[in-house]
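Engineer: If it helps, the file is called data-v2.cif and holds mmCIF, C-alpha atoms and all ligand atoms:
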data_final
#
loop_
_atom_site.label_atom_id
_atom_site.label_comp_id
_atom_site.auth_asym_id
_atom_site.auth_seq_id
_atom_site.Cartn_x
_atom_site.Cartn_y
_atom_site.Cartn_z
CA MET A 400 -47.99 -49.19 -39.41
CA THR A 401 -46.07 -46.30 -40.91
CA ARG A 402 -42.66 -45.55 -39.45
CA ARG A 403 -42.64 -42.37 -37.44
CA ARG A 404 -39.95 -39.79 -37.85
CA GLN A 405 -37.39 -39.91 -35.09
CA ILE A 406 -36.58 -36.45 -33.77
CA TYR A 407 -33.94 -37.24 -31.15
CA GLU A 408 -32.34 -40.15 -29.37
CA GLY A 409 -31.09 -39.41 -25.86
CA ARG A 410 -29.74 -41.65 -23.17
CA ALA A 411 -33.01 -42.78 -21.69
CA LYS A 412 -35.60 -41.90 -24.30
CA VAL A 413 -36.27 -41.59 -28.01
CA LEU A 414 -38.49 -38.76 -29.25
CA PHE A 415 -40.70 -39.29 -32.30
CA GLU A 416 -42.90 -36.90 -34.21
CA GLY A 417 -46.41 -37.10 -32.70
CA PRO A 418 -49.69 -37.72 -34.54
CA GLU A 419 -50.65 -34.01 -34.49
CA PRO A 420 -48.52 -30.91 -34.93
CA GLY A 421 -47.12 -29.73 -31.62
CA THR A 422 -47.04 -33.23 -30.14
CA LEU A 423 -44.24 -35.73 -29.60
CA VAL A 424 -44.06 -39.39 -28.63
CA GLN A 425 -41.61 -40.13 -25.82
CA HIS A 426 -40.33 -43.71 -25.99
CA PHE A 427 -38.72 -44.93 -22.74
CA LYS A 428 -35.69 -47.21 -23.16
CA ASP A 429 -34.06 -49.63 -20.72
CA ASP A 430 -30.62 -48.08 -21.31
CA ALA A 431 -28.90 -46.68 -18.25
CA TYR A 432 -25.90 -44.42 -17.85
CA SER A 433 -24.40 -43.53 -14.50
CA ASP A 434 -24.06 -39.83 -13.71
CA GLY A 435 -20.79 -38.85 -15.31
CA SER A 436 -21.34 -41.73 -17.81
CA SER A 437 -18.59 -43.98 -16.46
CA ARG A 438 -21.02 -46.92 -16.36
CA ARG A 439 -23.59 -47.88 -18.92
CA GLY A 440 -25.88 -50.84 -19.21
CA ILE A 441 -29.45 -52.06 -19.37
CA ILE A 442 -31.96 -52.07 -16.54
CA THR A 443 -34.54 -54.59 -17.76
CA GLY A 444 -38.06 -53.16 -17.57
CA LYS A 445 -36.90 -49.66 -16.60
CA GLY A 446 -38.51 -48.04 -19.66
CA VAL A 447 -41.90 -49.63 -18.92
CA LEU A 448 -41.75 -48.61 -15.26
CA ASN A 449 -40.50 -45.05 -15.87
CA ASN A 450 -43.22 -44.53 -18.48
CA ARG A 451 -45.80 -45.50 -15.82
CA ILE A 452 -44.18 -43.66 -12.93
CA SER A 453 -43.75 -40.45 -14.91
CA GLU A 454 -47.34 -40.71 -16.20
CA TYR A 455 -48.62 -41.14 -12.66
CA LEU A 456 -46.62 -38.28 -11.14
CA MET A 457 -47.30 -35.84 -14.00
CA GLN A 458 -51.04 -36.62 -13.77
CA ARG A 459 -51.04 -35.94 -10.03
CA LEU A 460 -49.18 -32.67 -10.68
CA ASN A 461 -51.64 -31.69 -13.45
CA GLU A 462 -54.47 -32.26 -10.95
CA ILE A 463 -53.04 -29.69 -8.55
CA GLY A 464 -52.57 -27.17 -11.36
CA VAL A 465 -48.89 -27.64 -12.19
CA PRO A 466 -48.68 -27.34 -15.99
CA THR A 467 -46.85 -30.28 -17.59
CA HIS A 468 -46.18 -31.52 -21.12
CA PHE A 469 -47.92 -34.86 -20.40
CA MET A 470 -51.00 -35.68 -22.52
CA ARG A 471 -51.56 -39.44 -22.29
CA ARG A 472 -49.80 -42.79 -22.18
CA LEU A 473 -49.96 -44.61 -25.52
CA ASN A 474 -48.59 -48.04 -24.64
CA MET A 475 -46.14 -49.79 -22.33
CA ARG A 476 -43.13 -47.73 -23.35
CA GLU A 477 -44.58 -44.61 -24.92
CA GLN A 478 -46.44 -41.48 -23.96
CA LEU A 479 -47.81 -38.54 -25.92
CA VAL A 480 -46.53 -35.15 -24.81
CA ARG A 481 -46.75 -31.56 -25.98
CA GLU A 482 -43.69 -30.46 -27.86
CA VAL A 483 -41.97 -27.64 -26.01
CA GLU A 484 -38.91 -25.50 -26.52
CA ILE A 485 -36.66 -26.94 -23.83
CA ILE A 486 -34.96 -24.42 -21.55
CA PRO A 487 -31.39 -25.77 -21.53
CA ILE A 488 -31.01 -26.10 -17.77
CA THR A 489 -31.66 -28.91 -15.35
CA VAL A 490 -33.23 -27.73 -12.10
CA CYS A 491 -32.14 -29.76 -9.09
CA VAL A 492 -34.10 -29.53 -5.83
CA ARG A 493 -32.41 -30.98 -2.75
CA ASN A 494 -33.94 -31.82 0.62
CA CYS A 495 -31.00 -33.83 1.98
CA VAL A 496 -27.29 -33.88 1.21
CA ALA A 497 -26.37 -36.50 -1.41
CA GLY A 498 -24.36 -37.03 -4.57
CA SER A 499 -22.35 -34.10 -5.91
CA LEU A 500 -23.37 -31.85 -2.99
CA ALA A 501 -21.92 -34.37 -0.53
CA GLU A 502 -18.70 -34.53 -2.58
CA ARG A 503 -18.36 -30.78 -3.11
CA PHE A 504 -18.66 -29.90 0.58
CA ARG A 505 -17.45 -33.22 2.04
CA MET A 506 -20.71 -33.62 3.90
CA ALA A 507 -22.32 -36.87 5.00
CA GLU A 508 -24.98 -38.17 2.63
CA GLY A 509 -28.44 -38.06 4.20
CA THR A 510 -27.92 -34.91 6.27
CA ALA A 511 -31.26 -33.07 6.22
CA LEU A 512 -31.05 -29.51 4.87
CA PRO A 513 -32.68 -26.77 6.96
CA ARG A 514 -34.28 -25.49 3.76
CA SER A 515 -34.54 -26.91 0.28
CA ILE A 516 -31.72 -25.94 -2.08
CA VAL A 517 -32.44 -25.23 -5.74
CA GLU A 518 -29.50 -25.61 -8.13
CA TYR A 519 -29.20 -25.20 -11.89
CA TYR A 520 -27.01 -27.13 -14.28
CA TYR A 521 -26.44 -26.11 -17.90
CA LYS A 522 -27.54 -28.98 -20.17
CA SER A 523 -24.38 -29.71 -22.16
CA GLU A 524 -22.76 -33.12 -22.22
CA GLU A 525 -19.71 -31.63 -23.89
CA LEU A 526 -19.21 -29.28 -20.91
CA GLU A 527 -20.25 -32.02 -18.47
CA ASN A 528 -23.41 -30.18 -17.36
CA PRO A 529 -21.75 -27.45 -15.27
CA LEU A 530 -23.38 -25.91 -12.21
CA VAL A 531 -24.55 -22.39 -13.12
CA THR A 532 -26.30 -19.53 -11.34
CA GLU A 533 -29.33 -17.48 -12.34
CA GLU A 534 -26.83 -14.80 -13.42
CA HIS A 535 -25.36 -17.10 -16.08
CA ILE A 536 -28.82 -18.25 -17.16
CA THR A 537 -30.16 -14.73 -17.68
CA ALA A 538 -26.90 -13.19 -18.99
CA PHE A 539 -26.50 -15.94 -21.61
CA GLY A 540 -30.17 -15.59 -22.59
CA TRP A 541 -31.21 -19.16 -21.71
CA ALA A 542 -34.18 -17.78 -19.75
CA HIS A 543 -35.56 -14.42 -18.62
CA PRO A 544 -35.58 -13.40 -14.93
CA GLN A 545 -39.39 -13.72 -14.86
CA ASP A 546 -39.12 -17.26 -16.33
CA MET A 547 -36.71 -18.13 -13.51
CA ASP A 548 -39.14 -16.79 -10.88
CA GLU A 549 -41.80 -19.05 -12.36
CA ILE A 550 -39.42 -22.02 -12.51
CA VAL A 551 -38.34 -21.64 -8.86
CA ALA A 552 -41.95 -21.27 -7.65
CA LEU A 553 -43.06 -24.34 -9.65
CA SER A 554 -40.06 -26.41 -8.52
CA LEU A 555 -40.67 -25.69 -4.84
CA ARG A 556 -44.36 -26.48 -5.23
CA ILE A 557 -43.52 -29.73 -7.01
CA ASN A 558 -41.04 -30.51 -4.22
CA ASP A 559 -43.64 -29.98 -1.48
CA PHE A 560 -46.19 -32.08 -3.31
CA LEU A 561 -43.88 -34.95 -4.27
CA THR A 562 -42.23 -35.03 -0.83
CA GLY A 563 -45.67 -35.64 0.71
CA LEU A 564 -46.73 -38.10 -1.97
CA PHE A 565 -43.59 -40.24 -1.53
CA LEU A 566 -43.74 -39.95 2.26
CA GLY A 567 -47.19 -41.52 2.04
CA VAL A 568 -45.66 -44.66 0.47
CA GLY A 569 -42.67 -44.86 2.79
CA LEU A 570 -40.09 -43.11 0.60
CA LYS A 571 -37.91 -40.10 1.30
CA LEU A 572 -37.46 -37.71 -1.62
CA VAL A 573 -33.79 -36.80 -1.11
CA ASP A 574 -33.40 -34.76 -4.30
CA PHE A 575 -34.59 -34.69 -7.91
CA ARG A 576 -33.96 -33.04 -11.27
CA LEU A 577 -36.49 -31.34 -13.51
CA GLU A 578 -36.55 -29.87 -17.00
CA TYR A 579 -38.87 -27.13 -18.19
CA GLY A 580 -39.94 -25.90 -21.60
CA ARG A 581 -41.81 -23.06 -23.27
CA LEU A 582 -45.22 -23.66 -24.80
CA TRP A 583 -47.06 -21.10 -26.92
CA ASP A 584 -50.87 -20.83 -26.91
CA ASN A 585 -51.46 -18.23 -29.64
CA GLU A 586 -49.34 -15.30 -28.42
CA GLN A 587 -49.26 -16.46 -24.82
CA MET A 588 -46.09 -18.21 -23.55
CA ARG A 589 -46.31 -20.67 -20.68
CA ILE A 590 -43.55 -22.48 -18.82
CA VAL A 591 -44.40 -26.16 -18.42
CA LEU A 592 -42.73 -29.11 -16.74
CA ALA A 593 -41.24 -31.44 -19.39
CA ASP A 594 -39.08 -34.57 -19.67
CA GLU A 595 -39.80 -37.22 -16.97
CA ILE A 596 -40.02 -37.79 -13.22
CA SER A 597 -38.78 -41.25 -12.29
CA PRO A 598 -36.15 -43.10 -10.24
CA ASP A 599 -33.74 -42.11 -13.06
CA ASN A 600 -33.84 -38.51 -11.85
CA CYS A 601 -35.15 -38.71 -8.27
CA ARG A 602 -33.17 -39.95 -5.26
CA LEU A 603 -35.63 -42.04 -3.24
CA TRP A 604 -34.65 -43.71 0.02
CA ASP A 605 -36.72 -46.09 2.10
CA LEU A 606 -38.06 -44.12 5.04
CA GLU A 607 -37.29 -46.83 7.60
CA THR A 608 -33.96 -48.23 6.40
CA ASN A 609 -32.58 -45.38 4.22
CA GLU A 610 -32.04 -48.00 1.53
CA CYS A 611 -31.53 -46.40 -1.86
CA MET A 612 -34.31 -47.17 -4.37
CA ASP A 613 -33.21 -45.27 -7.48
CA LYS A 614 -30.62 -45.06 -10.23
CA ASP A 615 -27.79 -44.79 -7.68
CA ARG A 616 -28.19 -48.56 -7.28
CA PHE A 617 -26.97 -48.82 -10.87
CA SER A 618 -24.41 -45.97 -10.79
CA ARG A 619 -22.85 -47.31 -7.59
CA ASP A 620 -23.14 -50.97 -8.58
CA MET A 621 -25.25 -51.88 -5.54
CA GLY A 622 -27.25 -54.66 -7.22
CA ARG A 623 -31.03 -55.29 -7.20
CA VAL A 624 -31.56 -52.37 -9.56
CA GLU A 625 -34.62 -53.75 -11.40
CA GLU A 626 -36.18 -54.65 -8.06
CA ALA A 627 -35.78 -51.09 -6.77
CA TYR A 628 -37.60 -49.58 -9.78
CA GLN A 629 -40.34 -52.21 -9.42
CA GLU A 630 -40.68 -51.52 -5.70
CA VAL A 631 -41.15 -47.77 -6.31
CA ALA A 632 -43.90 -48.55 -8.86
CA ARG A 633 -45.45 -51.12 -6.52
CA ARG A 634 -45.58 -48.68 -3.63
CA LEU A 635 -47.20 -46.08 -5.87
CA GLY A 636 -49.76 -48.77 -6.76
CA ILE A 637 -48.93 -48.75 -10.47
CA LEU A 638 -47.07 -51.99 -11.29
CA PRO A 639 -48.10 -53.07 -14.83
CA GLU A 640 -51.12 -55.40 -14.77
CA GLY A 641 -49.23 -58.57 -15.58
CA GLY A 642 -46.64 -57.91 -12.86
CA PRO A 643 -42.93 -58.23 -13.59
CA ARG A 644 -43.75 -60.60 -16.50
CA ASP A 645 -45.09 -57.54 -18.38
CA LEU A 646 -41.88 -55.61 -17.95
CA LYS A 647 -39.99 -57.21 -20.83
CA GLY A 648 -42.51 -55.59 -23.15
CA PRO A 649 -42.03 -55.32 -26.88
CA ALA A 650 -38.41 -54.31 -27.45
CA LEU A 651 -39.19 -51.47 -29.83
CA MET A 652 -42.60 -50.46 -31.13
CA GLN A 653 -42.29 -48.34 -34.24
P1 LIG A 701 -30.81 -36.85 -22.54
O1 LIG A 701 -29.86 -37.94 -22.86
O2 LIG A 701 -30.53 -35.56 -23.28
O3 LIG A 701 -31.13 -36.69 -21.07
P2 LIG A 701 -33.33 -38.25 -22.77
O4 LIG A 701 -32.96 -39.63 -23.16
O5 LIG A 701 -33.77 -37.97 -21.38
O6 LIG A 701 -32.19 -37.25 -23.21
O7 LIG A 701 -34.41 -37.79 -23.84
C1 LIG A 701 -35.26 -36.75 -23.62
C2 LIG A 701 -34.87 -35.51 -24.39
O8 LIG A 701 -36.06 -34.86 -24.80
C3 LIG A 701 -34.12 -34.50 -23.50
O9 LIG A 701 -33.12 -33.86 -24.26
C4 LIG A 701 -35.21 -33.50 -23.11
O10 LIG A 701 -34.69 -32.20 -22.92
C5 LIG A 701 -36.13 -33.53 -24.32
N1 LIG A 701 -37.55 -33.29 -24.02
C6 LIG A 701 -38.26 -33.74 -22.94
N2 LIG A 701 -39.55 -33.37 -23.01
C7 LIG A 701 -39.68 -32.66 -24.16
C8 LIG A 701 -40.79 -31.99 -24.81
N3 LIG A 701 -42.01 -31.99 -24.28
N4 LIG A 701 -40.54 -31.34 -25.97
C9 LIG A 701 -39.31 -31.34 -26.52
N5 LIG A 701 -38.22 -31.95 -25.98
C10 LIG A 701 -38.41 -32.60 -24.82
MG MG A 702 -32.71 -37.08 -19.77
#
Now that the file is in, can you turn its structure into structure tokens?
Ligand code: ADP
Ligand code: MG
Structural biologist:
Amino acid sequence: MTRRRQIYEGRAKVLFEGPEPGTLVQHFKDDAYSDGSSRRGIITGKGVLNNRISEYLMQRLNEIGVPTHFMRRLNMREQLVREVEIIPITVCVRNCVAGSLAERFRMAEGTALPRSIVEYYYKSEELENPLVTEEHITAFGWAHPQDMDEIVALSLRINDFLTGLFLGVGLKLVDFRLEYGRLWDNEQMRIVLADEISPDNCRLWDLETNECMDKDRFSRDMGRVEEAYQEVARRLGILPEGGPRDLKGPALMQ
């Protein structure tokens, strides 16, 4: 097999040149970094599970007409996506108080918000991903006002849909982070959902016990991290065929 050209290596994924122009291969790693990067480590099987979970959720979103970069899963750790020009902001949608919002306003985690809050963070590790407003985003030329209207409408629709989907499997979608990109079809520009949707970037709590079932288990050193990722996949009905045995997977397929 010929070695593919690596385009980028991030914290959770490696991007390779895809088989056709305009495509990329997203390879999901087991590496984990806490928010703020104070902790790093390996969550065994995370890459395999996030590849599946993101595939599943992006497919469901495609079915309801939300445009995403997802094309198809290639193997245990890789999926084929459309290459987009990433808009350099992370969109965070919150349904309950948690994480940095709880810290900033000294509010109790878990407090339900009377309406969903949409926040934006500028994607820059050097600047520690600062919170920004639509004013910064449009003034600095990261996106146009009409792109932002589209992004807010899509994010709220995704929130409504995913909240219901997770509720159906006994999970509360506390908050989540999304990335969007621009895709050109001839002269036409479309905004599409990119990156991934997984317990790495969603806060998911058990509906009955409020037990945390996401990356906070790693960031906050709560233990049973692998089990939490597996349980989310199990509830969605998408555990890999061989069960946990399959999760080791081939370390790196190139
Ligand atoms: P990071 O450490 O920057 O979060 P990840 O490990 O999550 O990186 O790797 C994914 C990288 O690929 C991110 O920088 C993300 O913006 C980018 N990305 C995601 N989807 C696409 C896409 N369809 N086209 C181009 N870049 C993408
Ligand atoms: Mg990322």
Engineer: For Gly446 (chain A), list every protein, DNA or RNA residue within 8 Å, evaluated using only C-alpha atoms, and leave out those in the same chain fewer than 6 positions away; present the list as JSON, numbers by chain.
Structural biologist: {"A": [411, 426, 427, 428, 429, 476]}
Engineer: Please identify every polymer residue within 8 Å of ligand MG 702 (chain A), using only C-alpha atoms and all ligand atoms, and present the set as number ranges by chain.
Structural biologist: A: 409-412, 594-595
Engineer: Within 7 Å of ligand LIG 701 (chain A), counting only C-alpha atoms and all ligand atoms: which residues, as a PyMOL selection string?
Structural biologist: chain A and resi 408-414+423+468+480-485+578+580+593-594
Engineer: Would you give me, as a tab-separated table, each residue of region 488-606 of chain A having an atom within 10 Å of an atom of region 628-638 of chain A, along with its shortest atom pair and that distance in Å to one decimal, using only C-alpha atoms and sorting by chain and residue number?
Structural biologist:
residue	atom	partner	partner_atom	distance
A:Leu564	CA	A:Leu635	CA	8.9
A:Phe565	CA	A:Leu635	CA	8.1
A:Gly567	CA	A:Leu635	CA	9.1
A:Val568	CA	A:Arg634	CA	5.7
A:Gly569	CA	A:Arg634	CA	8.0
A:Leu570	CA	A:Val631	CA	8.4
A:Ser597	CA	A:Tyr628	CA	8.8
A:Pro598	CA	A:Tyr628	CA	6.7
A:Asp599	CA	A:Tyr628	CA	9.0
A:Leu603	CA	A:Val631	CA	8.5
A:Trp604	CA	A:Val631	CA	9.9
A:Asp605	CA	A:Val631	CA	9.7
Engineer: Quick one: residues within 10 Å of Thr562 (chain A), all atoms listed in the file, excluding same-chain residues fewer than 4 positions away - as a ChimeraX atom specification?
Structural biologist: /A:494,556-558,566-567,570-574,603
Engineer: Env of Ala627 (chain A): 7 Å cut, atoms = all atoms listed in the file, seq-sep filter 4 positions within chain, self excluded. Answer as a VMD selection string.
Structural biologist: chain A and resid 612 to 613 623 631
Engineer: Would you save the residues of that selection, restricted to C-alpha atoms, as a PDB file, in the coordinates of the input?
Structural biologist:
ATOM      1  CA  MET A 612     -34.310 -47.170  -4.370  1.00  0.00           C
ATOM      2  CA  ASP A 613     -33.210 -45.270  -7.480  1.00  0.00           C
ATOM      3  CA  ARG A 623     -31.030 -55.290  -7.200  1.00  0.00           C
ATOM      4  CA  VAL A 631     -41.150 -47.770  -6.310  1.00  0.00           C
TER       5      VAL A 631
END
Engineer: Please report the interatomic distance between CA of Asp430 (chain A) and CA of Pro487 (chain A) in Å with one decimal.
Structural biologist: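 For CA of Asp430 (chain A) relative to CA of Pro487 (chain A), the distance reads 22.3 Å.
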Engineer: By how many Å are CA of Ile441 (chain A) and CA of Thr467 (chain A) apart?
Structural biologist: 27.9 Å
Engineer: Do you know which residues lie at most 12 Å from (-45.3, -36.6, -30.4), with coordinates as in the file and only C-alpha atoms counted, and could you write them as a PyMOL selection string?
Structural biologist: chain A and resi 403-407+413-426+468-473+477-483
Engineer: Report the distance between CA of Met457 (chain A) and CA of Ile550 (chain A) in Å, rounded to one decimal place.
Structural biologist: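 Answer for the CA of Met457 (chain A) to CA of Ile550 (chain A) separation: 16.0 Å.
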Engineer: Which residue out of A:Arg576, A:Pro639, A:Met475, A:Ile488 has the minimum interatomic distance to Pro529 (chain A) when only C-alpha atoms are used?
Structural biologist: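 The closest residue to Pro529 (chain A) is A:Ile488.
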Engineer: If we count all atoms listed in the file and set the cut-off at 10 Å, which residues sit around Gly435 (chain A), ignoring sequence neighbours fewer than 4 positions away in its own chain? Please answer as a PyMOL selection string.
Structural biologist: chain A and resi 524+527-528+618
Engineer: Tell me which of A:Glu534, A:Ile442, A:Trp583, A:Ile596 sits closest to Glu454 (chain A), counting only C-alpha atoms.
Structural biologist: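 When distances to Glu454 (chain A) are compared using only C-alpha atoms, the smallest one comes from A:Ile596.
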Engineer: Check the smallest atom-to-atom distance from each of A:Glu607, A:Glu525, A:Asp584, A:Asp559 to Arg493 (chain A) using all atoms listed in the file, then report the winner.
Structural biologist: A:Asp559
Engineer: Quick one: residues within 12 Å of Leu500 (chain A), all atoms listed in the file, excluding same-chain residues fewer than 5 positions away - as an mmCIF file with C-alpha atoms, keeping the file's coordinate frame?
Structural biologist:
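Result file is around_20.cif:
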data_model
loop_
_atom_site.group_PDB
_atom_site.id
_atom_site.type_symbol
_atom_site.label_atom_id
_atom_site.label_comp_id
_atom_site.auth_asym_id
_atom_site.auth_seq_id
_atom_site.Cartn_x
_atom_site.Cartn_y
_atom_site.Cartn_z
ATOM 1 C CA CYS A 491 -32.140 -29.760 -9.090
ATOM 2 C CA VAL A 492 -34.100 -29.530 -5.830
ATOM 3 C CA ARG A 493 -32.410 -30.980 -2.750
ATOM 4 C CA ASN A 494 -33.940 -31.820 0.620
ATOM 5 C CA CYS A 495 -31.000 -33.830 1.980
ATOM 6 C CA ARG A 505 -17.450 -33.220 2.040
ATOM 7 C CA MET A 506 -20.710 -33.620 3.900
ATOM 8 C CA ALA A 507 -22.320 -36.870 5.000
ATOM 9 C CA GLU A 508 -24.980 -38.170 2.630
ATOM 10 C CA GLY A 509 -28.440 -38.060 4.200
ATOM 11 C CA THR A 510 -27.920 -34.910 6.270
ATOM 12 C CA LEU A 512 -31.050 -29.510 4.870
ATOM 13 C CA ILE A 516 -31.720 -25.940 -2.080
ATOM 14 C CA VAL A 517 -32.440 -25.230 -5.740
ATOM 15 C CA GLU A 518 -29.500 -25.610 -8.130
ATOM 16 C CA LEU A 530 -23.380 -25.910 -12.210
ATOM 17 C CA VAL A 573 -33.790 -36.800 -1.110
ATOM 18 C CA ASP A 574 -33.400 -34.760 -4.300
#
Engineer: Counting all atoms listed in the file, figure out which residue out of A:Val531, A:Leu460, A:Val447, A:Met588 gets nearest to Gln545 (chain A).
Structural biologist: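 Looking only at the distances to Gln545 (chain A), the closest residue turns out to be A:Met588.
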